[in-house]
>>> print(open('run10.cif').read())   # mmCIF, C-alpha atoms, pLDDT in the B column; chains and numbers go by the auth columns
data_work
#
loop_
_atom_site.group_PDB
_atom_site.id
_atom_site.type_symbol
_atom_site.label_atom_id
_atom_site.label_comp_id
_atom_site.label_asym_id
_atom_site.label_seq_id
_atom_site.Cartn_x
_atom_site.Cartn_y
_atom_site.Cartn_z
_atom_site.B_iso_or_equiv
_atom_site.auth_seq_id
_atom_site.auth_asym_id
ATOM 1 C CA MET A 1 6.954 -6.470 -23.582 77.00 26 B
ATOM 2 C CA THR A 2 7.116 -7.736 -20.011 89.00 27 B
ATOM 3 C CA HIS A 3 5.210 -6.618 -16.946 91.00 28 B
ATOM 4 C CA ASP A 4 5.796 -7.036 -13.248 94.00 29 B
ATOM 5 C CA VAL A 5 2.067 -7.446 -12.594 94.00 30 B
ATOM 6 C CA ILE A 6 -0.969 -8.101 -14.773 94.00 31 B
ATOM 7 C CA ILE A 7 -4.329 -7.217 -13.238 94.00 32 B
ATOM 8 C CA ILE A 8 -7.441 -8.879 -14.617 94.00 33 B
ATOM 9 C CA GLY A 9 -10.337 -6.434 -14.403 90.00 34 B
ATOM 10 C CA GLY A 10 -10.416 -2.668 -14.809 87.00 35 B
ATOM 11 C CA GLY A 11 -13.071 -2.011 -12.193 84.00 36 B
ATOM 12 C CA VAL A 12 -12.517 0.384 -9.331 80.00 37 B
ATOM 13 C CA SER A 13 -10.684 -2.251 -7.259 85.00 38 B
ATOM 14 C CA GLY A 14 -8.408 -3.334 -10.103 89.00 39 B
ATOM 15 C CA LEU A 15 -7.592 0.254 -11.000 87.00 40 B
ATOM 16 C CA SER A 16 -6.877 1.132 -7.358 87.00 41 B
ATOM 17 C CA VAL A 17 -4.473 -1.799 -7.021 91.00 42 B
ATOM 18 C CA ALA A 18 -2.811 -0.864 -10.316 91.00 43 B
ATOM 19 C CA GLN A 19 -2.320 2.726 -9.171 88.00 44 B
ATOM 20 C CA ASP A 20 -0.833 1.631 -5.847 90.00 45 B
ATOM 21 C CA LEU A 21 1.565 -0.799 -7.530 93.00 46 B
ATOM 22 C CA MET A 22 2.648 1.789 -10.124 91.00 47 B
ATOM 23 C CA GLU A 23 3.368 4.285 -7.334 90.00 48 B
ATOM 24 C CA ARG A 24 5.631 1.599 -5.826 94.00 49 B
ATOM 25 C CA GLY A 25 7.563 1.326 -9.099 94.00 50 B
ATOM 26 C CA PHE A 26 5.989 -1.770 -10.660 95.00 51 B
ATOM 27 C CA PHE A 27 5.281 -1.984 -14.388 94.00 52 B
ATOM 28 C CA VAL A 28 1.565 -2.872 -14.447 94.00 53 B
ATOM 29 C CA GLN A 29 -0.823 -3.963 -17.205 94.00 54 B
ATOM 30 C CA VAL A 30 -4.606 -3.882 -16.607 92.00 55 B
ATOM 31 C CA LEU A 31 -6.790 -6.134 -18.759 92.00 56 B
ATOM 32 C CA GLU A 32 -10.497 -5.299 -19.048 90.00 57 B
ATOM 33 C CA ARG A 33 -13.015 -7.190 -21.210 88.00 58 B
ATOM 34 C CA GLN A 34 -15.527 -4.328 -21.388 84.00 59 B
ATOM 35 C CA GLN A 35 -15.181 -1.398 -23.781 81.00 60 B
ATOM 36 C CA GLN A 36 -14.660 1.057 -20.923 77.00 61 B
ATOM 37 C CA ILE A 37 -12.885 0.915 -17.598 78.00 62 B
ATOM 38 C CA GLY A 38 -14.658 1.372 -14.273 74.00 63 B
ATOM 39 C CA GLY A 39 -16.396 -1.991 -13.949 74.00 64 B
ATOM 40 C CA ASN A 40 -19.959 -1.731 -12.677 70.00 65 B
ATOM 41 C CA ALA A 41 -19.492 1.853 -11.484 70.00 66 B
ATOM 42 C CA ILE A 42 -21.031 3.589 -14.484 69.00 67 B
ATOM 43 C CA SER A 43 -22.840 6.922 -14.479 71.00 68 B
ATOM 44 C CA GLU A 44 -24.752 8.324 -17.418 72.00 69 B
ATOM 45 C CA ARG A 45 -27.152 11.169 -18.067 73.00 70 B
ATOM 46 C CA PHE A 46 -30.661 10.777 -19.520 71.00 71 B
ATOM 47 C CA ASP A 47 -32.694 13.901 -20.266 73.00 72 B
ATOM 48 C CA GLY A 48 -31.033 15.844 -17.443 71.00 73 B
ATOM 49 C CA PHE A 49 -31.221 12.979 -14.927 71.00 74 B
ATOM 50 C CA LEU A 50 -28.199 11.115 -13.610 69.00 75 B
ATOM 51 C CA MET A 51 -28.454 7.311 -13.688 70.00 76 B
ATOM 52 C CA GLU A 52 -25.860 5.416 -11.679 68.00 77 B
ATOM 53 C CA HIS A 53 -25.351 1.717 -12.302 66.00 78 B
ATOM 54 C CA GLY A 54 -23.529 -0.452 -9.815 60.00 79 B
ATOM 55 C CA PRO A 55 -21.800 0.778 -6.657 56.00 80 B
ATOM 56 C CA SER A 56 -21.875 4.451 -5.820 53.00 81 B
ATOM 57 C CA THR A 57 -21.320 6.741 -2.874 52.00 82 B
ATOM 58 C CA PHE A 58 -23.756 8.743 -0.803 44.00 83 B
ATOM 59 C CA GLY A 59 -23.073 12.262 0.343 42.00 84 B
ATOM 60 C CA ALA A 60 -20.523 14.766 -0.862 44.00 85 B
ATOM 61 C CA SER A 61 -17.305 13.541 -2.440 54.00 86 B
ATOM 62 C CA THR A 62 -14.141 14.332 -0.571 64.00 87 B
ATOM 63 C CA VAL A 63 -11.089 15.955 -2.108 71.00 88 B
ATOM 64 C CA GLU A 64 -9.220 12.672 -1.619 73.00 89 B
ATOM 65 C CA ALA A 65 -11.927 10.663 -3.385 71.00 90 B
ATOM 66 C CA MET A 66 -11.952 13.051 -6.340 72.00 91 B
ATOM 67 C CA ALA A 67 -8.151 12.896 -6.553 77.00 92 B
ATOM 68 C CA GLN A 68 -8.353 9.096 -6.615 74.00 93 B
ATOM 69 C CA ILE A 69 -11.026 9.181 -9.345 74.00 94 B
ATOM 70 C CA GLU A 70 -8.800 11.453 -11.457 77.00 95 B
ATOM 71 C CA ALA A 71 -5.693 9.337 -10.809 77.00 96 B
ATOM 72 C CA LEU A 72 -7.566 6.215 -11.957 73.00 97 B
ATOM 73 C CA GLY A 73 -8.507 7.904 -15.223 73.00 98 B
ATOM 74 C CA LEU A 74 -12.218 8.028 -14.386 71.00 99 B
ATOM 75 C CA GLY A 75 -12.537 11.815 -14.131 72.00 100 B
ATOM 76 C CA LYS A 76 -14.386 12.213 -17.442 71.00 101 B
ATOM 77 C CA SER A 77 -17.111 9.822 -16.293 67.00 102 B
ATOM 78 C CA ALA A 78 -17.572 11.380 -12.826 67.00 103 B
ATOM 79 C CA PHE A 79 -20.594 13.626 -12.395 63.00 104 B
ATOM 80 C CA ASP A 80 -20.990 16.285 -9.739 63.00 105 B
ATOM 81 C CA LEU A 81 -24.471 16.028 -8.262 64.00 106 B
ATOM 82 C CA GLY A 82 -24.466 19.663 -7.238 66.00 107 B
ATOM 83 C CA PRO A 83 -25.773 21.266 -4.037 72.00 108 B
ATOM 84 C CA ASN A 84 -29.461 21.067 -5.007 76.00 109 B
ATOM 85 C CA VAL A 85 -29.707 17.274 -4.942 73.00 110 B
ATOM 86 C CA LYS A 86 -31.629 16.340 -1.795 80.00 111 B
ATOM 87 C CA LYS A 87 -32.426 12.679 -2.555 80.00 112 B
ATOM 88 C CA ARG A 88 -30.998 9.758 -4.435 77.00 113 B
ATOM 89 C CA TYR A 89 -33.086 6.843 -5.590 76.00 114 B
ATOM 90 C CA LEU A 90 -32.399 3.128 -5.445 75.00 115 B
ATOM 91 C CA ARG A 91 -34.454 0.454 -7.125 73.00 116 B
ATOM 92 C CA ASP A 92 -35.865 -2.145 -4.762 73.00 117 B
ATOM 93 C CA ASN A 93 -37.944 -4.913 -6.375 77.00 118 B
ATOM 94 C CA GLY A 94 -38.839 -2.622 -9.255 75.00 119 B
ATOM 95 C CA LYS A 95 -39.866 0.281 -6.996 78.00 120 B
ATOM 96 C CA LEU A 96 -37.817 3.446 -6.518 77.00 121 B
ATOM 97 C CA SER A 97 -36.886 4.297 -2.940 78.00 122 B
ATOM 98 C CA GLY A 98 -35.913 7.905 -2.221 80.00 123 B
ATOM 99 C CA ILE A 99 -32.969 8.223 0.152 82.00 124 B
ATOM 100 C CA SER A 100 -31.642 11.460 1.608 83.00 125 B
ATOM 101 C CA ALA A 101 -28.318 12.592 0.095 76.00 126 B
ATOM 102 C CA HIS A 102 -27.148 13.418 3.646 78.00 127 B
ATOM 103 C CA PRO A 103 -24.126 11.272 4.651 73.00 128 B
ATOM 104 C CA LEU A 104 -26.339 9.339 7.101 82.00 129 B
ATOM 105 C CA GLY A 105 -29.254 9.141 4.656 82.00 130 B
ATOM 106 C CA PHE A 106 -28.636 5.561 3.570 79.00 131 B
ATOM 107 C CA PHE A 107 -28.145 4.351 7.135 81.00 132 B
ATOM 108 C CA LEU A 108 -31.284 6.087 8.407 83.00 133 B
ATOM 109 C CA SER A 109 -33.468 5.048 5.463 83.00 134 B
ATOM 110 C CA ASN A 110 -35.760 2.043 5.405 79.00 135 B
ATOM 111 C CA TYR A 111 -33.879 0.632 2.410 79.00 136 B
ATOM 112 C CA LEU A 112 -31.969 -1.700 4.753 81.00 137 B
ATOM 113 C CA SER A 113 -33.619 -3.840 7.389 87.00 138 B
ATOM 114 C CA LEU A 114 -33.022 -2.995 11.043 89.00 139 B
ATOM 115 C CA ARG A 115 -30.729 -6.018 11.228 91.00 140 B
ATOM 116 C CA GLY A 116 -28.797 -4.790 8.161 87.00 141 B
ATOM 117 C CA ARG A 117 -28.364 -1.322 9.646 86.00 142 B
ATOM 118 C CA LEU A 118 -27.153 -2.779 12.957 89.00 143 B
ATOM 119 C CA ARG A 119 -24.694 -4.997 11.112 88.00 144 B
ATOM 120 C CA MET A 120 -23.419 -1.994 9.154 83.00 145 B
ATOM 121 C CA ALA A 121 -23.032 0.022 12.389 84.00 146 B
ATOM 122 C CA MET A 122 -21.033 -2.816 13.962 86.00 147 B
ATOM 123 C CA GLU A 123 -18.662 -3.104 10.998 83.00 148 B
ATOM 124 C CA GLY A 124 -16.136 -0.665 12.458 80.00 149 B
ATOM 125 C CA LEU A 125 -16.004 -2.644 15.707 85.00 150 B
ATOM 126 C CA GLN A 126 -15.124 -5.973 14.075 80.00 151 B
ATOM 127 C CA ARG A 127 -11.638 -7.339 14.614 81.00 152 B
ATOM 128 C CA ARG A 128 -9.540 -7.555 11.490 76.00 153 B
ATOM 129 C CA LYS A 129 -8.740 -11.026 10.220 74.00 154 B
ATOM 130 C CA THR A 130 -5.089 -11.894 9.884 72.00 155 B
ATOM 131 C CA ASP A 131 -3.349 -14.423 7.695 67.00 156 B
ATOM 132 C CA ASP A 132 -1.701 -15.979 10.763 61.00 157 B
ATOM 133 C CA VAL A 133 -2.871 -19.500 11.457 56.00 158 B
ATOM 134 C CA GLU A 134 -2.989 -20.293 15.148 53.00 159 B
#
>>> encode(input="run10.cif", output="structure tokens")
Amino acid sequence: MTHDVIIIGGGVSGLSVAQDLMERGFFVQVLERQQQIGGNAISERFDGFLMEHGPSTFGASTVEAMAQIEALGLGKSAFDLGPNVKKRYLRDNGKLSGISAHPLGFFLSNYLSLRGRLRMAMEGLQRRKTDDVE
């Protein structure tokens, strides 16, 4: 069996690239060393609480994001937080920090330093790097 592209790693990035290439007509194989796909983005429930490991999003999911999650085959592992969730918690040096679930909650929290928040705010103003060598 031959493939046009072999992607090493079935995390969110690898799966996104695989989906894009398959939509363009390529025959793609994704290789993942873990027992489940999704990389570090793992969610699981413990006694009614949702524990998220690795990267996650803050705020409500968009229709486009949910469509992407389904298209990547991660729909069964996605959990809806529901409208009653007001805070999310991140571990910082062994201590839990409550952060508002509002879309600006992470930015306005004290989880990041002032310098980190300024850097994050400036991200959209940065010029894109190009592969052109001048």
>>> atom_distance(input="run10.cif", atom1="CA of Leu56 (chain B)", atom2="CA of Gly35 (chain B)")
6.4 Å
>>> resolve_selection(input="run10.cif", expression="the PyMOL selection byres ((chain B and resi 114) around 12)", output="ChimeraX atom specification")
/B:74-78,81,83,110-113,115-117,119-126,130-131,134,136
>>> residues_around(input="run10.cif", residues="Gly64 (chain B)", least_positions_apart="5", cutoff="9 Å", atoms="all atoms listed in the file", output="PyMOL selection string")
chain B and resi 34-39+57+59+79
>>> atom_distance(input="run10.cif", atom1="CA of Asn109 (chain B)", atom2="CA of Glu95 (chain B)")
23.7 Å
>>> closest_residue(input="run10.cif", among="B:Ser138, B:Gln93, B:Asn118, B:Thr155", to="Gln44 (chain B)", atoms="all atoms listed in the file")
B:Gln93
>>> build_atoms(input="run10.cif", residues="region 58-70 of chain B", atoms="N, CA and C atoms", output="mmCIF file, keeping the file's coordinate frame")
data_model
loop_
_atom_site.group_PDB
_atom_site.id
_atom_site.type_symbol
_atom_site.label_atom_id
_atom_site.label_comp_id
_atom_site.auth_asym_id
_atom_site.auth_seq_id
_atom_site.Cartn_x
_atom_site.Cartn_y
_atom_site.Cartn_z
ATOM 1 N N ARG B 58 -12.263 -6.636 -20.080
ATOM 2 C CA ARG B 58 -13.015 -7.190 -21.210
ATOM 3 C C ARG B 58 -14.086 -6.241 -21.739
ATOM 4 N N GLN B 59 -14.522 -5.285 -20.935
ATOM 5 C CA GLN B 59 -15.527 -4.328 -21.388
ATOM 6 C C GLN B 59 -14.883 -3.243 -22.241
ATOM 7 N N GLN B 60 -15.698 -2.463 -22.927
ATOM 8 C CA GLN B 60 -15.181 -1.398 -23.781
ATOM 9 C C GLN B 60 -14.668 -0.208 -22.981
ATOM 10 N N GLN B 61 -15.123 -0.060 -21.743
ATOM 11 C CA GLN B 61 -14.660 1.057 -20.923
ATOM 12 C C GLN B 61 -14.247 0.546 -19.555
ATOM 13 N N ILE B 62 -13.334 1.290 -18.931
ATOM 14 C CA ILE B 62 -12.885 0.915 -17.598
ATOM 15 C C ILE B 62 -13.887 1.422 -16.563
ATOM 16 N N GLY B 63 -13.781 0.927 -15.351
ATOM 17 C CA GLY B 63 -14.658 1.372 -14.273
ATOM 18 C C GLY B 63 -15.549 0.265 -13.739
ATOM 19 N N GLY B 64 -15.580 -0.873 -14.420
ATOM 20 C CA GLY B 64 -16.396 -1.991 -13.949
ATOM 21 C C GLY B 64 -17.869 -1.641 -13.922
ATOM 22 N N ASN B 65 -18.526 -1.982 -12.825
ATOM 23 C CA ASN B 65 -19.959 -1.731 -12.677
ATOM 24 C C ASN B 65 -20.284 -0.311 -12.244
ATOM 25 N N ALA B 66 -19.268 0.473 -11.937
ATOM 26 C CA ALA B 66 -19.492 1.853 -11.484
ATOM 27 C C ALA B 66 -19.606 2.759 -12.707
ATOM 28 N N ILE B 67 -20.789 2.811 -13.274
ATOM 29 C CA ILE B 67 -21.031 3.589 -14.484
ATOM 30 C C ILE B 67 -22.100 4.626 -14.195
ATOM 31 N N SER B 68 -21.856 5.848 -14.602
ATOM 32 C CA SER B 68 -22.840 6.922 -14.479
ATOM 33 C C SER B 68 -23.127 7.454 -15.871
ATOM 34 N N GLU B 69 -24.390 7.722 -16.141
ATOM 35 C CA GLU B 69 -24.752 8.324 -17.418
ATOM 36 C C GLU B 69 -25.945 9.237 -17.230
ATOM 37 N N ARG B 70 -26.072 10.192 -18.140
ATOM 38 C CA ARG B 70 -27.152 11.169 -18.067
ATOM 39 C C ARG B 70 -28.224 10.840 -19.091
#
